[in-house]
file model-v4.cif (mmCIF, C-alpha atoms and all ligand atoms)
data_protein
loop_
_atom_site.group_PDB
_atom_site.id
_atom_site.type_symbol
_atom_site.label_atom_id
_atom_site.label_comp_id
_atom_site.auth_asym_id
_atom_site.auth_seq_id
_atom_site.Cartn_x
_atom_site.Cartn_y
_atom_site.Cartn_z
ATOM 1 C CA MET A 21 -12.839 -27.500 0.968
ATOM 2 C CA GLN A 22 -10.064 -28.279 3.432
ATOM 3 C CA ILE A 23 -8.196 -26.086 5.906
ATOM 4 C CA ARG A 24 -4.522 -26.910 6.451
ATOM 5 C CA ARG A 25 -1.709 -25.369 8.454
ATOM 6 C CA LEU A 26 1.158 -24.257 6.194
ATOM 7 C CA PHE A 27 4.823 -24.806 7.050
ATOM 8 C CA GLU A 28 6.592 -25.835 3.832
ATOM 9 C CA HIS A 29 8.531 -23.263 1.814
ATOM 10 C CA GLN A 30 6.715 -24.126 -1.438
ATOM 11 C CA ASP A 31 3.293 -23.663 0.228
ATOM 12 C CA LEU A 32 4.426 -20.278 1.570
ATOM 13 C CA VAL A 33 5.517 -19.228 -1.925
ATOM 14 C CA VAL A 34 1.978 -19.989 -3.162
ATOM 15 C CA ALA A 35 0.491 -18.148 -0.154
ATOM 16 C CA SER A 36 2.571 -15.074 -0.969
ATOM 17 C CA LEU A 37 1.342 -15.218 -4.594
ATOM 18 C CA LEU A 38 -2.245 -15.469 -3.349
ATOM 19 C CA GLU A 39 -1.724 -12.319 -1.261
ATOM 20 C CA ALA A 40 -0.390 -10.532 -4.365
ATOM 21 C CA THR A 41 -3.486 -11.634 -6.334
ATOM 22 C CA VAL A 42 -6.093 -10.753 -3.691
ATOM 23 C CA TRP A 43 -4.627 -7.339 -2.843
ATOM 24 C CA GLY A 44 -3.278 -6.558 -6.320
ATOM 25 C CA ALA A 45 0.009 -5.944 -4.507
ATOM 26 C CA SER A 46 3.474 -5.889 -6.018
ATOM 27 C CA ASP A 47 5.087 -6.295 -2.582
ATOM 28 C CA PRO A 48 3.383 -9.213 -0.768
ATOM 29 C CA ILE A 49 5.007 -10.594 2.389
ATOM 30 C CA PRO A 50 7.997 -12.601 1.089
ATOM 31 C CA PRO A 51 7.988 -16.374 1.750
ATOM 32 C CA SER A 52 11.154 -15.979 3.866
ATOM 33 C CA LEU A 53 9.293 -13.740 6.342
ATOM 34 C CA LEU A 54 6.215 -16.014 6.287
ATOM 35 C CA SER A 55 8.618 -18.804 7.211
ATOM 36 C CA VAL A 56 9.797 -16.792 10.239
ATOM 37 C CA PHE A 57 6.164 -16.399 11.369
ATOM 38 C CA VAL A 58 5.143 -20.044 10.957
ATOM 39 C CA HIS A 59 8.251 -21.466 12.654
ATOM 40 C CA HIS A 60 8.264 -18.997 15.559
ATOM 41 C CA GLY A 61 4.843 -19.034 17.127
ATOM 42 C CA GLY A 62 2.641 -17.795 14.277
ATOM 43 C CA LEU A 63 -0.134 -19.525 12.371
ATOM 44 C CA MET A 64 -0.640 -19.599 8.602
ATOM 45 C CA LEU A 65 -3.788 -21.413 7.539
ATOM 46 C CA GLY A 66 -4.609 -22.259 3.944
ATOM 47 C CA ALA A 67 -8.011 -23.168 2.499
ATOM 48 C CA TYR A 68 -7.836 -25.629 -0.375
ATOM 49 C CA SER A 69 -10.337 -26.586 -3.027
ATOM 50 C CA ARG A 70 -8.965 -29.927 -4.273
ATOM 51 C CA ASP A 71 -5.267 -28.988 -4.457
ATOM 52 C CA GLN A 72 -5.698 -25.289 -5.193
ATOM 53 C CA LEU A 73 -4.965 -22.732 -2.474
ATOM 54 C CA ILE A 74 -8.039 -20.459 -2.436
ATOM 55 C CA GLY A 75 -7.657 -18.556 0.848
ATOM 56 C CA ILE A 76 -5.165 -17.730 3.603
ATOM 57 C CA ALA A 77 -5.214 -16.484 7.186
ATOM 58 C CA LEU A 78 -1.991 -15.335 8.855
ATOM 59 C CA ALA A 79 -1.706 -14.548 12.569
ATOM 60 C CA PHE A 80 1.013 -14.224 15.204
ATOM 61 C CA PRO A 81 1.238 -13.569 18.964
ATOM 62 C CA ALA A 82 1.524 -9.892 19.957
ATOM 63 C CA ARG A 83 1.342 -7.683 23.080
ATOM 64 C CA ASP A 84 -1.286 -4.977 23.496
ATOM 65 C CA GLY A 85 -1.109 -1.701 25.463
ATOM 66 C CA GLU A 86 -2.060 -3.554 28.666
ATOM 67 C CA ARG A 87 0.838 -5.981 28.082
ATOM 68 C CA VAL A 88 -1.628 -8.783 27.375
ATOM 69 C CA THR A 89 -0.447 -11.362 24.835
ATOM 70 C CA TYR A 90 -3.151 -11.809 22.189
ATOM 71 C CA LEU A 91 -3.260 -13.301 18.682
ATOM 72 C CA HIS A 92 -2.772 -10.617 16.025
ATOM 73 C CA SER A 93 -4.484 -11.540 12.763
ATOM 74 C CA HIS A 94 -2.605 -9.807 9.977
ATOM 75 C CA LEU A 95 -3.986 -11.206 6.693
ATOM 76 C CA LEU A 96 -7.206 -12.844 5.619
ATOM 77 C CA GLY A 97 -7.849 -13.218 1.908
ATOM 78 C CA VAL A 98 -9.983 -15.416 -0.340
ATOM 79 C CA LEU A 99 -9.643 -15.544 -4.138
ATOM 80 C CA PRO A 100 -12.456 -13.528 -5.755
ATOM 81 C CA GLY A 101 -14.052 -16.552 -7.475
ATOM 82 C CA PHE A 102 -14.460 -18.373 -4.136
ATOM 83 C CA ARG A 103 -15.965 -15.604 -1.992
ATOM 84 C CA GLY A 104 -19.416 -15.722 -0.408
ATOM 85 C CA GLN A 105 -19.202 -19.495 0.124
ATOM 86 C CA GLY A 106 -18.079 -19.533 3.751
ATOM 87 C CA VAL A 107 -14.333 -19.949 3.032
ATOM 88 C CA GLY A 108 -13.386 -16.812 4.997
ATOM 89 C CA GLU A 109 -15.537 -17.885 7.914
ATOM 90 C CA SER A 110 -14.046 -21.413 7.943
ATOM 91 C CA LEU A 111 -10.517 -19.944 8.031
ATOM 92 C CA LYS A 112 -11.401 -17.651 10.935
ATOM 93 C CA ARG A 113 -13.174 -20.440 12.878
ATOM 94 C CA ALA A 114 -10.074 -22.638 12.509
ATOM 95 C CA GLN A 115 -7.895 -19.706 13.620
ATOM 96 C CA ARG A 116 -10.160 -19.175 16.606
ATOM 97 C CA ASP A 117 -10.028 -22.881 17.629
ATOM 98 C CA TRP A 118 -6.234 -22.779 17.514
ATOM 99 C CA ALA A 119 -6.078 -19.516 19.489
ATOM 100 C CA GLN A 120 -8.399 -20.952 22.123
ATOM 101 C CA ASP A 121 -6.276 -24.111 22.442
ATOM 102 C CA GLU A 122 -3.166 -21.927 22.812
ATOM 103 C CA GLY A 123 -4.813 -19.905 25.595
ATOM 104 C CA PHE A 124 -4.990 -16.463 23.935
ATOM 105 C CA PRO A 125 -7.706 -14.221 25.429
ATOM 106 C CA TYR A 126 -8.688 -12.675 22.094
ATOM 107 C CA VAL A 127 -7.818 -12.317 18.414
ATOM 108 C CA GLY A 128 -7.361 -8.714 17.213
ATOM 109 C CA TRP A 129 -7.099 -7.127 13.764
ATOM 110 C CA THR A 130 -7.872 -3.999 11.771
ATOM 111 C CA TYR A 131 -10.140 -3.521 8.775
ATOM 112 C CA ASP A 132 -11.268 -0.721 6.496
ATOM 113 C CA PRO A 133 -14.637 0.317 7.972
ATOM 114 C CA LEU A 134 -15.968 1.554 4.623
ATOM 115 C CA VAL A 135 -15.687 -1.824 2.890
ATOM 116 C CA ALA A 136 -19.159 -3.310 3.394
ATOM 117 C CA ALA A 137 -18.127 -6.927 2.761
ATOM 118 C CA ASN A 138 -15.414 -6.728 5.447
ATOM 119 C CA ALA A 139 -17.573 -4.841 7.928
ATOM 120 C CA TRP A 140 -20.403 -7.339 7.590
ATOM 121 C CA PHE A 141 -18.011 -10.279 7.713
ATOM 122 C CA ASN A 142 -16.213 -9.084 10.862
ATOM 123 C CA LEU A 143 -19.131 -7.784 12.911
ATOM 124 C CA SER A 144 -22.106 -9.862 11.751
ATOM 125 C CA VAL A 145 -20.681 -13.172 10.516
ATOM 126 C CA LEU A 146 -17.911 -13.470 13.142
ATOM 127 C CA GLY A 147 -19.375 -11.304 15.907
ATOM 128 C CA ALA A 148 -16.123 -9.394 16.606
ATOM 129 C CA SER A 149 -16.399 -6.009 18.401
ATOM 130 C CA VAL A 150 -14.987 -2.628 17.431
ATOM 131 C CA ALA A 151 -12.618 -1.727 20.289
ATOM 132 C CA SER A 152 -10.943 1.427 18.917
ATOM 133 C CA LEU A 153 -10.444 3.628 15.852
ATOM 134 C CA LYS A 154 -7.012 4.113 14.246
ATOM 135 C CA THR A 155 -6.295 7.091 12.027
ATOM 136 C CA ASN A 156 -4.098 6.291 8.993
ATOM 137 C CA ALA A 157 -2.967 3.069 10.698
ATOM 138 C CA TYR A 158 -0.457 1.971 8.029
ATOM 139 C CA GLY A 159 0.238 5.205 6.173
ATOM 140 C CA ARG A 160 -0.580 5.134 2.479
ATOM 141 C CA LEU A 161 -0.619 1.712 0.790
ATOM 142 C CA THR A 162 -0.400 1.496 -2.958
ATOM 143 C CA ASP A 163 -2.024 -1.893 -3.629
ATOM 144 C CA ALA A 164 -5.232 -2.166 -5.667
ATOM 145 C CA LEU A 165 -7.505 -2.420 -2.608
ATOM 146 C CA ASN A 166 -6.047 0.626 -0.822
ATOM 147 C CA ARG A 167 -5.160 2.797 -3.819
ATOM 148 C CA ASP A 168 -3.034 5.322 -1.968
ATOM 149 C CA ARG A 169 -5.806 6.394 0.433
ATOM 150 C CA PRO A 170 -5.051 7.164 4.087
ATOM 151 C CA THR A 171 -5.557 3.862 5.917
ATOM 152 C CA HIS A 172 -8.248 4.734 8.476
ATOM 153 C CA ARG A 173 -9.131 1.536 10.307
ATOM 154 C CA PHE A 174 -11.401 0.015 12.936
ATOM 155 C CA TRP A 175 -9.587 -2.202 15.443
ATOM 156 C CA VAL A 176 -11.694 -5.250 16.294
ATOM 157 C CA GLU A 177 -11.333 -7.786 19.050
ATOM 158 C CA TRP A 178 -12.791 -11.284 18.913
ATOM 159 C CA SER A 179 -13.074 -12.491 22.479
ATOM 160 C CA LEU A 180 -12.233 -16.121 23.218
ATOM 161 C CA ASN A 181 -13.579 -15.952 26.746
ATOM 162 C CA PRO A 182 -17.132 -16.874 27.662
ATOM 163 C CA LYS A 183 -19.408 -14.224 26.261
ATOM 164 C CA THR A 184 -19.287 -10.863 28.022
ATOM 165 C CA SER A 185 -22.474 -8.973 27.344
ATOM 166 C CA ALA A 186 -22.047 -5.539 25.750
ATOM 167 C CA GLN A 187 -24.705 -2.905 26.236
ATOM 168 C CA THR A 188 -27.042 -3.002 23.228
ATOM 169 C CA GLU A 189 -29.989 -0.924 24.479
ATOM 170 C CA GLY A 190 -30.344 2.862 24.520
ATOM 171 C CA PRO A 191 -30.503 5.652 21.945
ATOM 172 C CA VAL A 192 -29.417 4.429 18.517
ATOM 173 C CA ARG A 193 -27.763 6.045 15.506
ATOM 174 C CA MET A 194 -27.184 4.321 12.186
ATOM 175 C CA MET A 195 -24.209 5.082 9.964
ATOM 176 C CA LEU A 196 -24.537 3.901 6.379
ATOM 177 C CA ILE A 197 -21.568 2.807 4.261
ATOM 178 C CA PRO A 198 -21.379 2.502 0.460
ATOM 179 C CA ASP A 199 -22.419 -0.816 -1.028
ATOM 180 C CA ASP A 200 -19.135 -1.095 -2.961
ATOM 181 C CA PHE A 201 -16.563 1.390 -1.706
ATOM 182 C CA GLN A 202 -13.724 -0.273 -3.618
ATOM 183 C CA ALA A 203 -15.530 0.148 -6.957
ATOM 184 C CA MET A 204 -16.096 3.808 -6.035
ATOM 185 C CA ALA A 205 -12.410 4.187 -5.132
ATOM 186 C CA SER A 206 -11.426 2.741 -8.476
ATOM 187 C CA SER A 207 -13.685 4.994 -10.583
ATOM 188 C CA ARG A 208 -13.544 8.166 -8.412
ATOM 189 C CA PRO A 209 -10.348 7.998 -6.317
ATOM 190 C CA GLN A 210 -10.345 11.595 -5.053
ATOM 191 C CA TYR A 211 -14.024 11.424 -4.071
ATOM 192 C CA ALA A 212 -13.350 8.137 -2.206
ATOM 193 C CA ARG A 213 -10.369 9.700 -0.377
ATOM 194 C CA ASP A 214 -12.455 12.687 0.749
ATOM 195 C CA LEU A 215 -15.364 10.467 1.776
ATOM 196 C CA SER A 216 -13.032 8.247 3.774
ATOM 197 C CA ASP A 217 -11.573 11.251 5.656
ATOM 198 C CA GLN A 218 -14.967 12.839 6.359
ATOM 199 C CA TRP A 219 -16.699 9.610 7.304
ATOM 200 C CA PHE A 220 -13.883 8.626 9.673
ATOM 201 C CA GLU A 221 -13.833 12.064 11.281
ATOM 202 C CA THR A 222 -17.553 11.726 12.033
ATOM 203 C CA ALA A 223 -17.042 8.206 13.412
ATOM 204 C CA GLN A 224 -14.268 9.525 15.688
ATOM 205 C CA SER A 225 -16.413 12.353 16.994
ATOM 206 C CA TRP A 226 -19.272 9.955 17.759
ATOM 207 C CA TRP A 227 -16.801 7.649 19.513
ATOM 208 C CA GLN A 228 -15.386 10.527 21.571
ATOM 209 C CA ASP A 229 -18.945 11.494 22.545
ATOM 210 C CA GLY A 230 -19.400 8.048 24.078
ATOM 211 C CA TRP A 231 -21.203 6.184 21.287
ATOM 212 C CA ARG A 232 -20.183 2.582 20.609
ATOM 213 C CA ILE A 233 -20.789 0.253 17.656
ATOM 214 C CA ARG A 234 -23.086 -2.641 18.426
ATOM 215 C CA GLY A 235 -23.419 -4.600 15.206
ATOM 216 C CA MET A 236 -24.611 -3.927 11.673
ATOM 217 C CA GLU A 237 -27.912 -3.945 9.870
ATOM 218 C CA ARG A 238 -28.778 -4.551 6.251
ATOM 219 C CA MET A 239 -30.740 -1.604 4.851
ATOM 220 C CA LEU A 240 -32.342 -0.930 1.470
ATOM 221 C CA ASP A 241 -29.288 0.838 0.072
ATOM 222 C CA GLY A 242 -26.470 -1.108 1.770
ATOM 223 C CA VAL A 243 -25.330 -1.933 5.277
ATOM 224 C CA ALA A 244 -25.123 0.409 8.262
ATOM 225 C CA TYR A 245 -23.296 0.456 11.579
ATOM 226 C CA ARG A 246 -25.582 0.464 14.595
ATOM 227 C CA TRP A 247 -24.248 2.867 17.250
ATOM 228 C CA VAL A 248 -25.577 2.834 20.811
ATOM 229 C CA ALA A 249 -24.976 5.545 23.420
ATOM 230 C CA ARG A 250 -22.775 4.284 26.211
ATOM 231 C CA ASP A 251 -24.193 4.695 29.730
ATOM 232 C CA GLY A 252 -22.935 7.612 31.798
ATOM 233 C CA GLU A 253 -20.691 9.112 29.128
ATOM 234 C CA GLY A 254 -22.421 12.470 28.957
ATOM 235 C CA VAL A 255 -24.015 11.667 25.628
ATOM 236 C CA LYS A 256 -26.740 14.022 24.586
ATOM 237 C CA PRO A 257 -29.052 11.585 22.807
ATOM 238 C CA LYS A 258 -30.690 12.980 19.707
ATOM 239 C CA GLY A 259 -32.778 9.896 18.976
ATOM 240 C CA ASP A 260 -32.378 7.801 15.844
ATOM 241 C CA GLU A 261 -30.190 9.376 13.190
ATOM 242 C CA LEU A 262 -29.017 8.292 9.793
ATOM 243 C CA PHE A 263 -25.677 9.718 8.732
HETATM 244 C C1 LIG B 301 -13.233 -10.569 3.621
HETATM 245 C C2 LIG B 301 -13.120 -11.896 2.881
HETATM 246 C C3 LIG B 301 -11.912 -12.655 3.407
HETATM 247 C C4 LIG B 301 -14.392 -12.730 3.177
HETATM 248 O O1 LIG B 301 -14.226 -14.025 2.624
HETATM 249 P P1 LIG B 301 -15.499 -14.904 2.134
HETATM 250 O O2 LIG B 301 -15.019 -16.262 1.863
HETATM 251 O O3 LIG B 301 -16.235 -14.202 1.058
HETATM 252 O O4 LIG B 301 -16.364 -14.873 3.481
HETATM 253 P P2 LIG B 301 -17.702 -15.675 3.823
HETATM 254 O O5 LIG B 301 -18.277 -16.290 2.578
HETATM 255 O O6 LIG B 301 -17.393 -16.591 4.959
HETATM 256 O O7 LIG B 301 -18.659 -14.506 4.377
HETATM 257 C C5 LIG B 301 -18.901 -13.347 3.595
HETATM 258 C C6 LIG B 301 -20.057 -12.557 4.188
HETATM 259 O O8 LIG B 301 -20.005 -11.199 3.731
HETATM 260 C C7 LIG B 301 -21.234 -10.873 3.082
HETATM 261 N N1 LIG B 301 -20.989 -9.856 2.051
HETATM 262 C C8 LIG B 301 -20.236 -9.983 0.942
HETATM 263 N N2 LIG B 301 -20.282 -8.801 0.242
HETATM 264 C C9 LIG B 301 -21.055 -7.949 0.968
HETATM 265 C C10 LIG B 301 -21.459 -6.581 0.803
HETATM 266 N N3 LIG B 301 -21.098 -5.849 -0.258
HETATM 267 N N4 LIG B 301 -22.235 -6.017 1.763
HETATM 268 C C11 LIG B 301 -22.615 -6.732 2.844
HETATM 269 N N5 LIG B 301 -22.258 -8.030 3.066
HETATM 270 C C12 LIG B 301 -21.482 -8.617 2.122
HETATM 271 C C13 LIG B 301 -21.734 -12.199 2.556
HETATM 272 O O9 LIG B 301 -23.133 -12.132 2.291
HETATM 273 C C14 LIG B 301 -21.401 -13.110 3.746
HETATM 274 O O10 LIG B 301 -22.291 -12.874 4.833
HETATM 275 P P3 LIG B 301 -23.574 -13.833 5.125
HETATM 276 O O11 LIG B 301 -22.987 -15.201 5.412
HETATM 277 O O12 LIG B 301 -24.222 -13.198 6.319
HETATM 278 O O13 LIG B 301 -24.414 -13.791 3.883
HETATM 279 C C15 LIG B 301 -13.025 -11.684 1.330
HETATM 280 O O14 LIG B 301 -14.057 -10.830 0.933
HETATM 281 C C16 LIG B 301 -11.687 -11.127 0.862
HETATM 282 O O15 LIG B 301 -10.743 -11.871 0.619
HETATM 283 N N6 LIG B 301 -11.586 -9.780 0.700
HETATM 284 C C17 LIG B 301 -10.374 -9.137 0.169
HETATM 285 C C18 LIG B 301 -9.271 -9.137 1.191
HETATM 286 C C19 LIG B 301 -9.638 -8.318 2.410
HETATM 287 O O16 LIG B 301 -10.170 -7.227 2.315
HETATM 288 N N7 LIG B 301 -9.307 -8.868 3.580
HETATM 289 C C20 LIG B 301 -9.548 -8.207 4.834
HETATM 290 C C21 LIG B 301 -10.577 -8.925 5.614
HETATM 291 S S1 LIG B 301 -10.967 -8.055 7.111
#
call {"tool": "encode", "arguments": {"input": "model-v4.cif", "output": "structure tokens"}}
result
Amino acid sequence: MQIRRLFEHQDLVVASLLEATVWGASDPIPPSLLSVFVHHGGLMLGAYSRDQLIGIALAFPARDGERVTYLHSHLLGVLPGFRGQGVGESLKRAQRDWAQDEGFPYVGWTYDPLVAANAWFNLSVLGASVASLKTNAYGRLTDALNRDRPTHRFWVEWSLNPKTSAQTEGPVRMMLIPDDFQAMASSRPQYARDLSDQWFETAQSWWQDGWRIRGMERMLDGVAYRWVARDGEGVKPKGDELF
């Protein structure tokens, strides 16, 4: 497998088709807009098996609320037949190397916190940190992965600075997520919508009470977020809890 930086129009056409395949989307980012990104400060990486494009990672510079310029990672997708083989991780490591060389302080992106594969990938494989929660971040999206649900998201930041140590000790709560939320959303869409709303509401109330996510754990029936009470936030610890 090889990682290459994409610039050519024909490569961007294939990248746009890959997005349509991975997300089951009828409206992927058009090659003309991808071209704007890659020729004006953005980064489109492609993973190739022989000559076949099997994964993409798209990112561009952006400003955050503190007016810090960071690298915003907008798309990461690997074709279903090539997942679980480290392709996603290789794309993100290459993105990280580039961001570090360019002097960005961190890479930031959102993900659906109920999708176990993405949660595990972002927090455990990459070691990114949940920095905030965004209610219905993109409105309703109609592609096959989002299926017209409100887009509740976790915002993660992947620091490029020498490791800053986050507090990991203290009272702990675990919050389980379904093993395959997307399969559930496909067979029981209304149930998945309600679960997403309720689960996110609970996550927000824990966040507001001063709890923070410090990694994930594999459990018998899936993976769970590990929440730790933040010091001095007026948390009333109730000991270990399983939501
Ligand atoms: C997210 C995605 C890019 C990961 O790509 P990938 O090539 O499979 O990633 P890797 O092989 O490098 O790592 C996958 C990790 O997730 C784990 N994983 C996969 N499914 C899982 C599940 N249901 N529960 C828990 N962990 C899971 C794998 O075991 C592996 O972790 P490990 O190395 O600790 O075993 C890919 O799943 C994808 O394209 N998803 C659809 C698009 C999408 O949702 N993109 C948004 C990404 S935030």
call {"tool": "residues_near_ligand", "arguments": {"input": "model-v4.cif", "ligand": "ligand LIG 301 (chain B)", "cutoff": "7 Å", "atoms": "only C-alpha atoms and all ligand atoms", "output": "number ranges by chain"}}
result
A: 42-43, 95-100, 102-110, 130-131, 136-138, 140-142, 144-145, 199-200, 242-243
call {"tool": "residues_near_point", "arguments": {"input": "model-v4.cif", "point": "(-16.3, -11.1, 15.2)", "cutoff": "12 Å", "atoms": "only C-alpha atoms", "output": "mmCIF file with C-alpha atoms, in the coordinates of the input"}}
result
data_model
loop_
_atom_site.group_PDB
_atom_site.id
_atom_site.type_symbol
_atom_site.label_atom_id
_atom_site.label_comp_id
_atom_site.auth_asym_id
_atom_site.auth_seq_id
_atom_site.Cartn_x
_atom_site.Cartn_y
_atom_site.Cartn_z
ATOM 1 C CA GLU A 109 -15.537 -17.885 7.914
ATOM 2 C CA LYS A 112 -11.401 -17.651 10.935
ATOM 3 C CA ARG A 113 -13.174 -20.440 12.878
ATOM 4 C CA ARG A 116 -10.160 -19.175 16.606
ATOM 5 C CA TYR A 126 -8.688 -12.675 22.094
ATOM 6 C CA VAL A 127 -7.818 -12.317 18.414
ATOM 7 C CA GLY A 128 -7.361 -8.714 17.213
ATOM 8 C CA TRP A 129 -7.099 -7.127 13.764
ATOM 9 C CA THR A 130 -7.872 -3.999 11.771
ATOM 10 C CA TYR A 131 -10.140 -3.521 8.775
ATOM 11 C CA ASN A 138 -15.414 -6.728 5.447
ATOM 12 C CA ALA A 139 -17.573 -4.841 7.928
ATOM 13 C CA TRP A 140 -20.403 -7.339 7.590
ATOM 14 C CA PHE A 141 -18.011 -10.279 7.713
ATOM 15 C CA ASN A 142 -16.213 -9.084 10.862
ATOM 16 C CA LEU A 143 -19.131 -7.784 12.911
ATOM 17 C CA SER A 144 -22.106 -9.862 11.751
ATOM 18 C CA VAL A 145 -20.681 -13.172 10.516
ATOM 19 C CA LEU A 146 -17.911 -13.470 13.142
ATOM 20 C CA GLY A 147 -19.375 -11.304 15.907
ATOM 21 C CA ALA A 148 -16.123 -9.394 16.606
ATOM 22 C CA SER A 149 -16.399 -6.009 18.401
ATOM 23 C CA VAL A 150 -14.987 -2.628 17.431
ATOM 24 C CA ALA A 151 -12.618 -1.727 20.289
ATOM 25 C CA TRP A 175 -9.587 -2.202 15.443
ATOM 26 C CA VAL A 176 -11.694 -5.250 16.294
ATOM 27 C CA GLU A 177 -11.333 -7.786 19.050
ATOM 28 C CA TRP A 178 -12.791 -11.284 18.913
ATOM 29 C CA SER A 179 -13.074 -12.491 22.479
ATOM 30 C CA LEU A 180 -12.233 -16.121 23.218
ATOM 31 C CA LYS A 183 -19.408 -14.224 26.261
ATOM 32 C CA ARG A 234 -23.086 -2.641 18.426
ATOM 33 C CA GLY A 235 -23.419 -4.600 15.206
ATOM 34 C CA MET A 236 -24.611 -3.927 11.673
#
call {"tool": "residues_around", "arguments": {"input": "model-v4.cif", "residues": "Leu37 in chain A", "least_positions_apart": "4", "cutoff": "8 Å", "atoms": "all atoms listed in the file", "output": "ChimeraX atom specification"}}
result
/A:33,41,48
call {"tool": "atom_distance", "arguments": {"input": "model-v4.cif", "atom1": "CA of Ile74 in chain A", "atom2": "CA of Leu38 in chain A"}}
result
7.7 Å
call {"tool": "residues_around", "arguments": {"input": "model-v4.cif", "residues": "Asn156 in chain A", "least_positions_apart": "2", "cutoff": "7 Å", "atoms": "all atoms listed in the file", "output": "number ranges by chain"}}
result
A: 154, 158-159, 170-172
call {"tool": "closest_residue", "arguments": {"input": "model-v4.cif", "among": "A:Ala157, A:Met195, A:Leu53, A:Met64", "to": "Asp31 in chain A", "atoms": "all atoms listed in the file"}}
result
A:Met64
call {"tool": "atom_distance", "arguments": {"input": "model-v4.cif", "atom1": "CA of Asp47 in chain A", "atom2": "CA of His94 in chain A"}}
result
15.1 Å
call {"tool": "closest_residue", "arguments": {"input": "model-v4.cif", "among": "A:Val192, A:Leu161, A:Val135, A:Ala79", "to": "Ser93 in chain A", "atoms": "only C-alpha atoms"}}
result
A:Ala79
call {"tool": "residues_around", "arguments": {"input": "model-v4.cif", "residues": "Phe201 in chain A", "least_positions_apart": "2", "cutoff": "12 Å", "atoms": "only C-alpha atoms", "output": "ChimeraX atom specification"}}
result
/A:132-139,165-167,196-199,203-209,211-213,215-216,242-243
call {"tool": "decode", "arguments": {"input": "model-v4.cif", "residues": "range 68-117 of chain A", "atoms": "C-alpha atoms", "output": "PDB file, in the first residue's frame"}}
result
ATOM      1  CA  TYR A  68      -3.334   2.966  -3.229  1.00  0.00           C
ATOM      2  CA  SER A  69      -3.256  -0.796  -3.438  1.00  0.00           C
ATOM      3  CA  ARG A  70      -1.329  -1.391  -6.684  1.00  0.00           C
ATOM      4  CA  ASP A  71      -3.026   1.262  -8.845  1.00  0.00           C
ATOM      5  CA  GLN A  72      -6.421   1.233  -7.148  1.00  0.00           C
ATOM      6  CA  LEU A  73      -7.434   4.141  -4.917  1.00  0.00           C
ATOM      7  CA  ILE A  74      -8.667   2.498  -1.692  1.00  0.00           C
ATOM      8  CA  GLY A  75      -8.774   5.411   0.768  1.00  0.00           C
ATOM      9  CA  ILE A  76      -8.689   9.210   0.976  1.00  0.00           C
ATOM     10  CA  ALA A  77      -8.001  11.889   3.572  1.00  0.00           C
ATOM     11  CA  LEU A  78      -8.876  15.524   2.848  1.00  0.00           C
ATOM     12  CA  ALA A  79      -7.809  18.430   5.063  1.00  0.00           C
ATOM     13  CA  PHE A  80      -7.407  22.200   4.806  1.00  0.00           C
ATOM     14  CA  PRO A  81      -6.193  25.068   7.025  1.00  0.00           C
ATOM     15  CA  ALA A  82      -8.891  26.718   9.166  1.00  0.00           C
ATOM     16  CA  ARG A  83      -9.212  29.192  12.071  1.00  0.00           C
ATOM     17  CA  ASP A  84     -10.727  28.209  15.409  1.00  0.00           C
ATOM     18  CA  GLY A  85     -12.590  30.366  17.961  1.00  0.00           C
ATOM     19  CA  GLU A  86      -9.262  31.505  19.452  1.00  0.00           C
ATOM     20  CA  ARG A  87      -8.124  32.621  15.974  1.00  0.00           C
ATOM     21  CA  VAL A  88      -5.551  29.828  15.901  1.00  0.00           C
ATOM     22  CA  THR A  89      -4.853  28.372  12.452  1.00  0.00           C
ATOM     23  CA  TYR A  90      -5.160  24.580  12.633  1.00  0.00           C
ATOM     24  CA  LEU A  91      -5.569  21.790  10.066  1.00  0.00           C
ATOM     25  CA  HIS A  92      -9.234  20.875   9.594  1.00  0.00           C
ATOM     26  CA  SER A  93      -9.653  17.253   8.531  1.00  0.00           C
ATOM     27  CA  HIS A  94     -12.882  17.022   6.575  1.00  0.00           C
ATOM     28  CA  LEU A  95     -12.982  13.517   5.043  1.00  0.00           C
ATOM     29  CA  LEU A  96     -11.406  10.189   5.852  1.00  0.00           C
ATOM     30  CA  GLY A  97     -12.742   7.122   4.082  1.00  0.00           C
ATOM     31  CA  VAL A  98     -11.499   3.633   3.237  1.00  0.00           C
ATOM     32  CA  LEU A  99     -13.302   1.244   0.871  1.00  0.00           C
ATOM     33  CA  PRO A 100     -15.174  -1.405   2.889  1.00  0.00           C
ATOM     34  CA  GLY A 101     -13.093  -4.331   1.563  1.00  0.00           C
ATOM     35  CA  PHE A 102      -9.846  -2.712   2.774  1.00  0.00           C
ATOM     36  CA  ARG A 103     -10.824  -1.714   6.320  1.00  0.00           C
ATOM     37  CA  GLY A 104      -9.201  -3.065   9.478  1.00  0.00           C
ATOM     38  CA  GLN A 105      -5.793  -3.342   7.781  1.00  0.00           C
ATOM     39  CA  GLY A 106      -4.254  -0.084   8.976  1.00  0.00           C
ATOM     40  CA  VAL A 107      -5.072   1.953   5.828  1.00  0.00           C
ATOM     41  CA  GLY A 108      -6.987   4.617   7.786  1.00  0.00           C
ATOM     42  CA  GLU A 109      -4.195   4.886  10.319  1.00  0.00           C
ATOM     43  CA  SER A 110      -1.520   5.208   7.598  1.00  0.00           C
ATOM     44  CA  LEU A 111      -3.497   8.040   5.958  1.00  0.00           C
ATOM     45  CA  LYS A 112      -3.841   9.892   9.264  1.00  0.00           C
ATOM     46  CA  ARG A 113      -0.149   9.399  10.171  1.00  0.00           C
ATOM     47  CA  ALA A 114       0.854  10.850   6.784  1.00  0.00           C
ATOM     48  CA  GLN A 115      -1.571  13.746   7.337  1.00  0.00           C
ATOM     49  CA  ARG A 116      -0.079  14.320  10.769  1.00  0.00           C
ATOM     50  CA  ASP A 117       3.526  14.335   9.428  1.00  0.00           C
TER      51      ASP A 117
END
